[in-house]
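Shown next: protein.txt, containing compact mmCIF, C-alpha atoms and all ligand atoms.
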```
# COMPACT_ATOMS: atom_id res chain seq x y z
CA MET A 23 37.19 164.39 109.37
CA PHE A 24 37.71 161.58 106.85
CA TYR A 25 38.11 158.85 109.50
CA ARG A 26 35.31 158.84 112.02
CA SER A 27 37.34 157.33 114.78
CA ILE A 28 40.81 156.17 115.70
CA PRO A 29 39.75 152.47 115.86
CA GLN A 30 38.51 152.66 112.27
CA PHE A 31 41.76 154.28 111.21
CA LEU A 32 43.73 151.46 112.83
CA HIS A 33 41.48 148.92 111.18
CA TRP A 34 42.29 150.18 107.67
CA ILE A 35 45.97 150.51 108.48
CA SER A 36 46.16 146.91 109.63
CA ILE A 37 44.37 145.65 106.51
CA PHE A 38 46.86 147.60 104.43
CA ILE A 39 49.80 146.05 106.30
CA VAL A 40 48.48 142.51 105.96
CA LEU A 41 47.78 142.96 102.24
CA SER A 42 51.22 144.43 101.56
CA GLN A 43 52.88 141.56 103.45
CA PHE A 44 50.92 139.07 101.41
CA TRP A 45 51.84 140.92 98.21
CA SER A 46 55.55 140.91 98.98
CA PHE A 47 55.40 137.23 99.99
CA VAL A 48 53.78 136.19 96.71
CA PHE A 49 56.09 138.32 94.59
CA ARG A 50 59.24 137.88 96.70
CA PRO A 51 62.50 137.42 94.80
CA ARG A 52 63.39 133.72 94.70
CA PRO A 53 66.82 132.18 94.29
CA PRO A 54 67.26 130.76 90.81
CA PRO A 55 66.72 126.99 90.74
CA PRO A 56 69.94 124.97 90.47
CA PRO A 57 70.71 123.88 86.90
CA HIS A 58 68.73 120.78 85.90
CA GLY A 59 67.15 120.83 89.36
CA ARG A 60 70.23 119.02 90.66
CA TRP A 61 71.58 119.05 94.19
CA THR A 62 74.48 121.48 94.52
CA PHE A 63 77.35 121.63 96.99
CA ASP A 64 77.21 124.56 99.39
CA PRO A 65 80.34 124.76 101.55
CA ASP A 66 78.53 126.72 104.25
CA HIS A 67 76.26 123.75 104.83
CA HIS A 68 78.07 120.71 103.45
CA ALA A 69 81.80 121.18 104.17
CA ASN A 70 81.71 118.80 107.14
CA VAL A 71 79.04 116.43 105.85
CA HIS A 72 80.50 112.94 105.42
CA THR A 73 77.36 111.25 104.18
CA LEU A 74 77.30 112.47 100.59
CA SER A 75 76.25 109.82 98.08
CA GLN A 76 78.52 108.91 95.22
CA GLU A 77 76.36 111.02 92.92
CA GLN A 78 76.63 114.02 95.26
CA CYS A 79 80.39 113.47 95.56
CA ASP A 80 80.64 113.60 91.76
CA ILE A 81 78.59 116.80 91.57
CA ALA A 82 80.48 118.47 94.42
CA PHE A 83 84.02 117.40 93.49
CA PRO A 84 84.15 116.57 89.78
CA GLU A 85 87.95 116.95 89.53
CA LEU A 86 88.84 115.08 92.72
CA TYR A 87 89.34 111.53 91.50
CA HIS A 88 92.23 112.05 89.09
CA SER A 89 94.70 109.92 91.02
CA PRO A 90 92.61 106.76 91.58
CA LYS A 91 91.59 106.91 87.89
CA GLU A 92 95.25 107.06 86.88
CA SER A 93 96.17 104.21 89.23
CA VAL A 94 93.46 101.99 87.73
CA LYS A 95 94.66 102.88 84.24
CA LEU A 96 98.28 102.06 85.13
CA ARG A 97 97.24 98.59 86.34
CA GLY A 98 95.95 97.74 82.85
CA ASN A 99 95.03 94.06 82.91
CA ARG A 100 97.19 93.16 85.89
CA ARG A 101 94.85 92.20 88.71
CA ILE A 102 95.93 92.82 92.30
CA MET A 103 96.75 89.50 94.01
CA PRO A 104 97.30 88.78 97.75
CA ARG A 105 101.05 88.19 97.44
CA GLU A 106 101.48 91.85 96.42
CA LEU A 107 100.05 92.93 99.75
CA GLU A 108 102.61 91.22 101.97
CA ILE A 109 104.49 93.53 104.28
CA ALA A 110 107.62 93.12 106.40
CA PRO A 111 107.71 94.12 110.08
CA GLY A 112 109.26 97.41 111.07
CA ARG A 113 108.76 99.09 107.67
CA CYS A 114 105.97 101.53 108.65
CA MET A 115 103.32 99.52 106.80
CA MET A 116 99.99 97.96 107.69
CA ARG A 117 97.92 95.33 105.91
CA LEU A 118 94.21 96.04 106.13
CA LEU A 119 90.85 94.53 105.21
CA ILE A 120 87.49 96.11 104.58
CA TYR A 121 84.76 93.53 105.11
CA ASP A 122 81.06 94.30 105.23
CA ARG A 123 81.69 98.02 105.81
CA GLU A 124 84.10 97.38 108.66
CA LEU A 125 87.86 97.96 108.86
CA PHE A 126 90.16 95.17 110.12
CA ILE A 127 93.90 95.08 110.74
CA ILE A 128 95.38 91.93 109.21
CA ASP A 129 99.00 92.81 110.01
CA ASP A 130 100.05 95.89 111.98
CA GLY A 131 103.65 95.66 110.76
CA SER A 132 105.15 96.04 114.27
CA PRO A 133 105.04 99.85 114.20
CA GLU A 134 107.20 100.10 117.32
CA LYS A 135 110.02 98.65 115.20
CA CYS A 136 109.47 101.07 112.34
CA TYR A 137 112.95 102.18 111.46
CA VAL A 138 111.89 105.66 110.39
CA LYS A 139 111.67 107.71 113.53
CA ASN A 140 108.76 109.79 112.38
CA GLY A 141 108.10 110.60 115.98
CA ASN A 142 104.34 110.39 115.58
CA GLU A 143 103.55 106.82 114.60
CA ARG A 144 100.41 106.77 116.69
CA GLU A 145 99.06 109.95 115.12
CA ARG A 146 99.82 108.60 111.63
CA ILE A 147 98.25 105.20 112.24
CA LEU A 148 95.13 106.28 114.11
CA GLY A 149 94.65 109.36 111.91
CA THR A 150 94.73 107.31 108.73
CA LEU A 151 92.68 104.35 109.96
CA SER A 152 90.09 106.58 111.62
CA GLN A 153 89.47 108.37 108.32
CA ILE A 154 88.93 105.06 106.53
CA SER A 155 86.64 103.88 109.29
CA LEU A 156 84.67 107.12 109.12
CA ALA A 157 84.33 106.88 105.34
CA LEU A 158 82.91 103.35 105.75
CA ALA A 159 80.55 104.26 108.55
CA THR A 160 79.13 107.28 106.72
CA ALA A 161 78.59 105.73 103.28
CA PRO A 162 74.89 106.06 102.51
CA PRO A 163 72.85 102.91 101.80
CA SER A 164 72.67 103.81 98.10
CA ASP A 165 76.41 103.22 97.73
CA PRO A 166 77.60 99.64 97.85
CA LEU A 167 81.03 99.33 99.43
CA PRO A 168 83.10 96.41 98.16
CA ASP A 169 85.23 94.15 100.36
CA ILE A 170 88.90 94.87 99.72
CA GLU A 171 92.27 93.92 101.11
CA PHE A 172 95.19 96.33 100.77
CA SER A 173 98.34 97.65 102.39
CA ILE A 174 99.34 101.18 103.34
CA THR A 175 102.61 102.86 104.22
CA LEU A 176 102.88 105.52 106.88
CA ASP A 177 106.30 106.62 105.67
CA ASP A 178 106.82 109.95 103.92
CA LEU A 179 109.12 108.11 101.49
CA PRO A 180 106.87 105.31 100.26
CA ARG A 181 109.47 103.24 98.45
CA ARG A 182 111.54 103.06 101.62
CA SER A 183 108.85 100.73 102.96
CA LYS A 184 108.57 98.34 100.04
CA LEU A 185 110.33 98.31 96.70
CA HIS A 186 107.78 96.25 94.79
CA GLY A 187 104.08 95.61 95.00
CA SER A 188 101.06 97.88 95.31
CA PHE A 189 100.06 99.89 98.31
CA TRP A 190 98.58 103.20 99.39
CA ALA A 191 100.76 106.15 100.44
CA TYR A 192 100.50 109.83 101.35
CA THR A 193 102.71 110.80 98.45
CA ARG A 194 104.23 109.56 95.19
CA LYS A 195 106.17 110.84 92.22
CA ASP A 196 105.63 110.36 88.53
CA GLY A 197 107.59 107.53 86.97
CA PRO A 198 107.58 103.73 86.76
CA ALA A 199 108.97 103.26 90.29
CA TYR A 200 105.75 104.76 91.65
CA ASP A 201 103.21 103.29 89.23
CA ASP A 202 101.84 100.96 91.91
CA VAL A 203 101.72 103.56 94.67
CA TRP A 204 98.14 104.79 95.13
CA LEU A 205 97.54 108.16 96.75
CA MET A 206 95.59 108.35 100.00
CA PRO A 207 94.84 111.49 102.06
CA ASN A 208 97.35 112.44 104.73
CA TYR A 209 96.82 111.51 108.40
CA ALA A 210 96.57 115.23 109.22
CA TYR A 211 93.07 115.33 107.72
CA TRP A 212 92.21 113.61 111.00
CA SER A 213 94.58 115.39 113.40
CA TRP A 214 98.10 116.81 113.54
CA ASN A 215 98.09 118.27 117.00
CA TYR A 216 101.83 118.97 116.99
CA THR A 217 101.30 121.76 114.43
CA LYS A 218 98.37 123.09 116.46
CA ALA A 219 95.85 121.56 114.09
CA PRO A 220 93.88 119.43 116.56
CA SER A 221 91.44 118.39 113.84
CA TRP A 222 91.05 119.25 110.19
CA GLN A 223 87.60 120.70 110.67
CA SER A 224 88.67 122.87 113.58
CA ILE A 225 91.75 124.34 111.86
CA ARG A 226 89.75 124.98 108.70
CA ARG A 227 87.07 126.76 110.72
CA SER A 228 89.63 128.71 112.70
CA ILE A 229 91.32 129.92 109.51
CA ALA A 230 87.95 130.87 108.01
CA ASP A 231 87.15 132.94 111.12
CA THR A 232 90.54 134.67 110.99
CA GLU A 233 90.16 135.40 107.28
CA GLN A 234 86.79 137.01 107.90
CA VAL A 235 88.36 139.47 110.34
CA THR A 236 91.60 140.10 108.46
CA GLY A 237 90.81 140.51 104.76
CA TRP A 238 93.39 141.05 102.03
CA GLY A 239 93.86 144.74 102.77
CA ALA A 240 95.00 144.10 106.34
CA LYS A 241 97.49 141.34 105.48
CA HIS A 242 101.25 141.86 105.56
CA ASN A 243 102.45 142.72 102.06
CA LYS A 244 105.30 140.23 102.42
CA LEU A 245 106.35 136.67 101.74
CA VAL A 246 106.35 134.47 104.84
CA TRP A 247 108.23 131.25 105.49
CA ARG A 248 109.48 129.44 108.57
CA GLY A 249 111.25 126.14 108.66
CA LYS A 250 114.31 124.08 109.24
CA PRO A 251 116.98 125.40 106.90
CA LYS A 252 119.12 122.70 105.39
CA MET A 253 121.88 124.56 103.67
CA ALA A 254 122.66 123.76 100.04
CA ASP A 255 119.17 122.47 99.32
CA LEU A 256 116.19 124.46 98.17
CA ARG A 257 115.34 125.67 101.66
CA GLY A 258 118.82 127.11 102.03
CA ASP A 259 118.51 128.65 98.58
CA LEU A 260 115.19 130.23 99.55
CA LEU A 261 116.80 131.84 102.59
CA ALA A 262 119.68 133.10 100.44
CA MET A 263 117.39 134.48 97.71
CA SER A 264 115.24 136.40 100.17
CA ALA A 265 117.96 137.68 102.49
CA GLY A 266 117.75 141.44 102.96
CA LYS A 267 114.78 141.93 100.61
CA SER A 268 112.08 144.38 101.60
CA TRP A 269 109.38 141.85 100.67
CA SER A 270 110.83 139.08 102.83
CA ASP A 271 109.69 137.64 106.13
CA VAL A 272 111.53 134.38 105.46
CA LYS A 273 113.32 132.90 108.46
CA GLY A 274 114.94 129.63 109.37
CA VAL A 275 114.02 128.26 112.78
CA VAL A 276 115.42 125.26 114.55
CA ILE A 277 112.18 123.98 116.01
CA ASN A 278 113.67 121.90 118.82
CA GLU A 279 115.89 124.65 120.19
CA HIS A 280 113.48 127.56 119.95
CA ARG A 281 110.21 125.92 120.82
CA ASP A 282 109.02 129.17 122.37
CA SER A 283 110.70 131.45 119.88
CA SER A 284 108.58 134.33 118.69
CA ASP A 285 109.71 133.41 115.19
CA LEU A 286 107.41 130.38 115.25
CA LEU A 287 104.06 131.18 113.71
CA THR A 288 100.70 129.50 114.08
CA LEU A 289 98.88 128.42 110.94
CA GLU A 290 96.46 131.31 111.40
CA GLU A 291 99.41 133.72 111.55
CA PHE A 292 100.74 132.38 108.24
CA CYS A 293 97.38 133.33 106.72
CA GLY A 294 97.99 136.90 107.91
CA TYR A 295 100.49 137.32 105.07
CA ARG A 296 99.52 137.96 101.45
CA TYR A 297 102.23 135.66 100.13
CA THR A 298 103.13 132.20 101.40
CA VAL A 299 105.72 129.82 100.02
CA GLN A 300 105.88 126.06 99.76
CA THR A 301 109.09 124.05 100.01
CA GLU A 302 109.40 120.31 99.70
CA GLY A 303 111.56 118.62 102.33
CA THR A 304 112.46 114.94 102.47
CA SER A 305 109.45 114.46 100.22
CA TYR A 306 106.09 116.29 100.16
CA SER A 307 105.63 118.99 102.78
CA GLY A 308 102.84 118.54 105.32
CA ARG A 309 102.37 122.31 105.40
CA LEU A 310 101.06 122.71 101.85
CA LYS A 311 97.45 121.81 102.57
CA TYR A 312 97.31 124.27 105.48
CA LEU A 313 98.74 127.10 103.36
CA GLN A 314 96.04 126.28 100.81
CA LEU A 315 93.39 126.87 103.47
CA CYS A 316 94.50 130.53 103.62
CA ARG A 317 93.18 133.26 101.39
CA SER A 318 96.78 134.10 100.50
CA MET A 319 98.78 133.75 97.31
CA LEU A 320 100.91 130.61 97.35
CA ILE A 321 104.32 130.59 95.70
CA SER A 322 106.04 127.28 95.03
CA HIS A 323 109.00 125.80 93.24
CA PRO A 324 107.94 123.06 90.76
CA LEU A 325 106.74 120.20 92.97
CA GLU A 326 108.04 116.67 92.53
CA TRP A 327 105.93 114.97 95.18
CA GLN A 328 102.22 114.55 94.61
CA GLU A 329 99.42 114.38 97.17
CA PHE A 330 95.84 113.32 96.54
CA HIS A 331 94.80 116.89 95.64
CA THR A 332 97.93 118.43 94.06
CA HIS A 333 96.78 117.77 90.46
CA LEU A 334 94.37 120.67 91.09
CA MET A 335 97.22 123.16 91.44
CA THR A 336 97.63 125.32 88.38
CA ALA A 337 99.79 128.38 87.76
CA GLU A 338 98.31 129.01 84.33
CA GLY A 339 95.03 129.36 82.49
CA GLU A 340 91.92 131.29 83.44
CA LYS A 341 92.08 130.57 87.15
CA PRO A 342 95.62 130.21 88.40
CA ASN A 343 95.69 129.23 92.07
CA PHE A 344 99.41 129.62 92.79
CA VAL A 345 102.56 131.11 91.27
CA GLU A 346 105.40 128.82 90.24
CA THR A 347 109.03 129.91 90.46
CA SER A 348 112.02 128.45 88.66
CA PRO A 349 113.49 125.39 90.45
CA ASP A 350 116.30 127.40 92.03
CA TRP A 351 114.14 130.43 93.03
CA ALA A 352 116.16 132.56 90.58
CA ASN A 353 113.07 134.60 89.59
CA LEU A 354 111.69 134.93 93.13
CA ASP A 355 112.86 138.51 93.54
CA ALA A 356 111.22 139.57 90.24
CA ILE A 357 108.00 137.76 91.17
CA MET A 358 107.81 139.42 94.58
CA GLU A 359 108.62 142.83 93.12
CA PHE A 360 105.71 142.41 90.71
CA TYR A 361 103.12 141.19 93.20
CA THR A 362 103.95 143.54 96.06
CA THR A 363 103.45 146.45 93.64
CA ASN A 364 100.38 144.88 91.93
CA PRO A 365 98.50 143.48 94.91
CA ASP A 366 95.21 143.17 92.96
CA VAL A 367 96.68 140.37 90.89
CA GLY A 368 97.80 138.53 94.00
CA GLU A 369 94.38 138.99 95.58
CA TRP A 370 92.76 137.46 92.50
CA ILE A 371 95.02 134.38 92.61
CA ALA A 372 94.46 134.05 96.37
CA GLY A 373 90.70 134.21 95.75
CA ASN A 374 90.90 131.46 93.13
CA ALA A 375 92.75 129.21 95.58
CA TRP A 376 90.27 130.00 98.35
CA GLU A 377 87.29 128.99 96.23
CA LEU A 378 88.98 125.86 94.93
CA PHE A 379 90.67 124.51 98.06
CA HIS A 380 89.19 126.04 101.19
CA LYS A 381 85.63 126.05 99.96
CA ARG A 382 85.63 122.82 97.98
CA TYR A 383 88.43 120.32 97.54
CA LEU A 384 90.00 120.57 101.00
CA THR A 385 86.77 120.18 102.95
CA SER A 386 86.23 117.11 105.11
CA ALA A 387 83.36 116.20 102.80
CA ALA A 388 85.78 116.02 99.85
CA VAL A 389 88.31 113.95 101.78
CA THR A 390 85.68 111.37 102.71
CA CYS A 391 84.39 111.25 99.11
CA TYR A 392 87.98 110.60 98.02
CA TRP A 393 88.47 107.71 100.47
CA ARG A 394 85.33 105.98 99.22
CA ARG A 395 86.41 106.43 95.59
CA LEU A 396 89.84 105.01 96.43
CA ILE A 397 88.15 101.93 97.90
CA THR A 398 85.90 101.34 94.88
CA SER A 399 88.77 102.02 92.44
CA TRP A 400 90.98 99.46 94.18
CA ALA A 401 88.12 96.94 94.14
CA SER A 402 87.78 97.39 90.37
CA VAL A 403 91.24 95.86 89.79
CA GLN A 404 91.30 93.42 92.70
CA GLY A 405 91.81 89.87 91.44
CA PHE A 406 90.59 87.94 94.48
CA THR A 407 87.80 87.87 97.03
CA PRO A 408 89.05 88.95 100.46
CA MET A 409 88.25 86.62 103.37
CA LEU A 410 87.50 87.53 106.94
CA TYR A 411 87.13 83.98 108.29
CA VAL A 412 89.56 81.09 107.95
CA ASP A 413 89.51 77.55 109.33
CA GLU A 414 91.91 76.36 111.95
CA ARG A 415 94.62 75.72 109.39
CA GLY A 416 94.35 79.20 107.92
CA ASN A 417 92.51 78.10 104.79
CA LYS A 418 89.27 79.51 103.50
CA TRP A 419 86.47 78.66 105.91
CA GLU A 420 83.94 76.52 104.04
CA GLY A 421 81.03 77.05 106.41
CA ARG A 422 81.66 74.04 108.68
CA GLY A 423 83.75 73.55 111.81
CA LYS A 424 85.57 76.15 113.79
CA ARG A 425 86.47 79.44 112.21
CA LYS A 426 88.52 82.43 113.27
CA MET A 427 88.84 86.02 112.11
CA ARG A 428 91.97 86.80 110.15
CA GLY A 429 92.15 90.31 111.47
CA GLU A 430 91.42 92.48 114.45
CA PRO A 431 88.54 94.96 114.13
CA PHE A 432 89.77 98.56 114.03
CA ALA A 433 87.36 99.22 116.90
CA ALA A 434 89.40 96.93 119.18
CA PHE A 435 92.72 98.13 117.81
CA ALA A 436 91.92 101.81 118.42
CA ALA A 437 90.67 101.12 121.93
CA ASN A 438 93.68 99.04 123.06
CA TRP A 439 96.71 99.88 120.98
CA PRO A 440 99.50 100.37 121.80
CA ALA A 441 99.64 98.06 124.80
CA LYS A 442 102.90 99.75 125.78
CA PRO A 443 102.83 103.36 124.53
CA GLU A 444 106.33 104.02 125.87
CA ARG A 445 107.74 101.61 123.31
CA LEU A 446 106.56 103.76 120.41
CA PRO A 447 109.02 106.16 118.86
C1 LIG B 501 97.41 119.28 121.54
O1 LIG B 501 98.27 120.40 121.48
C2 LIG B 501 98.04 121.38 122.49
C3 LIG B 501 99.01 122.52 122.28
O2 LIG B 501 99.06 122.93 121.00
C4 LIG B 501 98.20 120.79 123.85
O3 LIG B 501 97.88 121.76 124.84
C5 LIG B 501 97.30 119.57 124.01
O4 LIG B 501 97.56 118.95 125.25
C6 LIG B 501 97.56 118.58 122.89
N1 LIG B 501 96.60 117.50 122.99
C7 LIG B 501 96.97 116.24 123.18
C8 LIG B 501 95.87 115.26 123.32
O5 LIG B 501 98.13 115.89 123.22
```

Would you mind writing the structure in this file as structure tokens?
Amino acid sequence: MFYRSIPQFLHWISIFIVLSQFWSFVFRPRPPPPPHGRWTFDPDHHANVHTLSQEQCDIAFPELYHSPKESVKLRGNRRIMPRELEIAPGRCMMRLLIYDRELFIIDDGSPEKCYVKNGNERERILGTLSQISLALATAPPSDPLPDIEFSITLDDLPRRSKLHGSFWAYTRKDGPAYDDVWLMPNYAYWSWNYTKAPSWQSIRRSIADTEQVTGWGAKHNKLVWRGKPKMADLRGDLLAMSAGKSWSDVKGVVINEHRDSSDLLTLEEFCGYRYTVQTEGTSYSGRLKYLQLCRSMLISHPLEWQEFHTHLMTAEGEKPNFVETSPDWANLDAIMEFYTTNPDVGEWIAGNAWELFHKRYLTSAAVTCYWRRLITSWASVQGFTPMLYVDERGNKWEGRGKRKMRGEPFAAFAANWPAKPERLP
């Protein structure tokens, strides 16, 4: 017998195993190094990381900062001065200060008097201010954060709040009337519980989990839409254009009357359709960003209202991420006929949108990078040095005598406001 004993046999076997392990460790396939040895954004690990440096933000989201860049350009040589920031009570606006990486409320604008009955003032205010506060608190030490003073509107129609002067808003249009309206992310990137999106990160995760189970093949080969029909506008036209079509799951619902109607869909259920459709309402539609979290093909009429990320939407070129109809939906039937019979094309467009929005530009990491860029962009055209402390007559505190803070820290505001919740709309 070649081996004299079983122990000797085992001895040689174990040496062989150890050597082969070592061999495969030394010659294991390695991932290619990132280009130029740079840090790269990996959505699986970084989507909810708020502490990216400015350099990492630039690497991760190179196309994100279009709107602040445009706003700075539109200012030209006009510096922002304090009188532009004044707000009137009851107009859904707030005047804010960032001082030494802390957010202060200079003027809360009497939100309980806000004449627009948005119905969710508290969600809008706390959602927006919390995002700013988070962006300040998570800025790494390498990134200086300037002191700025600015105003925001919580109204979906920004010019209803203030006709002149500069401020930040959820939406704007092109044109001179909106040149001084700077785009900020929507409050729903914090929370919009009413639409069953308790936090941005949780709805994004929930949609990702659903997508993993569903897959394109299992999705309904139809166009889905639910909403309040207002006849004779584009929502009414959409209902008319899709009535009786085999590709249509388009339905009007009156939300208040049919709160429990089976026609109401959750955001995850919208993603269960291959084709979704966007309609503007009074202005931008809060639903767009959620539809863009789905791996579905988005169809939209030409949009008039911009949001901080909508410049990334393209229906043309090498990587279209949605399909644009004519303004009156006249070609909707032809579009749906084409895509329902050529689902591979729709899957490709849905995949482009998924990579661009779900996995990159609509992550919490991107939103926080955007807030910090908005702050530094505003600072670059600010024509004054914001003050936190004033003397007893409201003038600049010169370092002697009594001083008081001009504003209330957001920390105190969030913990105590509103004193009388029942007075809020
Ligand atoms: C958020 O919405 C859910 C229902 O979608 C509800 O059960 C829950 O109470 C809401 N949370 C708050 C804090 O209102």

**Item:** At most 12 Å from ligand LIG 501 (chain B) (only C-alpha atoms and all ligand atoms): residue list as a list in words
**Value:**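 Those residues are Asn142, Arg144, Glu145, Ser213, Trp214, Asn215, Tyr216, Thr217, Lys218, Ala219, Pro220, Ser221, Ile225, Arg281, Asp282, Thr288 and Leu289 of chain A.
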
**Item:** Distance query Glu430 in chain A at most 10 Å, only C-alpha atoms, self and fewer than 6 positions along chain excluded, as a PyMOL selection string
**Value:** chain A and resi 118-119+125-130+410

**Prompt:** Could you state the separation of CA of Arg123 in chain A and CA of Leu158 in chain A in Å, given to one decimal place?
**Reply:**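 Between these atoms lies a distance of 5.5 Å.
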
Range 349-412 of chain A residues near range 202-205 of chain A within 10 Å, closest pair each, using only C-alpha atoms, as CSV:
```
residue,atom,partner,partner_atom,distance
A:Tyr392,CA,A:Leu205,CA,9.9
A:Trp393,CA,A:Leu205,CA,9.8
A:Leu396,CA,A:Leu205,CA,8.3
A:Trp400,CA,A:Trp204,CA,9.0
```

**Request:** Select, from A:Gly258, A:Ser386, A:Asn374, A:Gly274, the residue with the minimum atom-to-atom distance to Gly339 in chain A, counting only C-alpha atoms.
**Result:** A:Asn374

**Message:** If I take CA of Lys241 in chain A and CA of Tyr295 in chain A, how far is one from the other in Å, to one decimal?
**Reply:** 5.0 Å

**Complete:** For Glu346 in chain A, the closest of A:Thr362, A:Thr301, A:Thr390, A:Asn438 counting only C-alpha atoms is A:Thr301

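Distances here use all atoms listed in the file; by that measure, the residue among A:Gln300, A:Thr363, A:Thr193, A:Thr73 closest to Ser268 in chain A is A:Thr363.
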
**Asked** Which residue out of A:Ile229, A:Leu260, A:Met335, A:Ala199 has the minimum interatomic distance to Glu290 in chain A when all atoms listed in the file are used?
**Response**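 For Glu290 in chain A, the nearest of the candidates is A:Ile229.
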
**Asked** Expressed in Å to a single decimal, how great is the separation between CA of Ala375 in chain A and CA of Gln314 in chain A?
**Response**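 According to the coordinates, CA of Ala375 in chain A and CA of Gln314 in chain A are separated by 6.8 Å.
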
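Nearest residue to Leu325 in chain A among A:Thr407, A:Asp196, A:Val367, A:Ser264 is A:Asp196, counting all atoms listed in the file.
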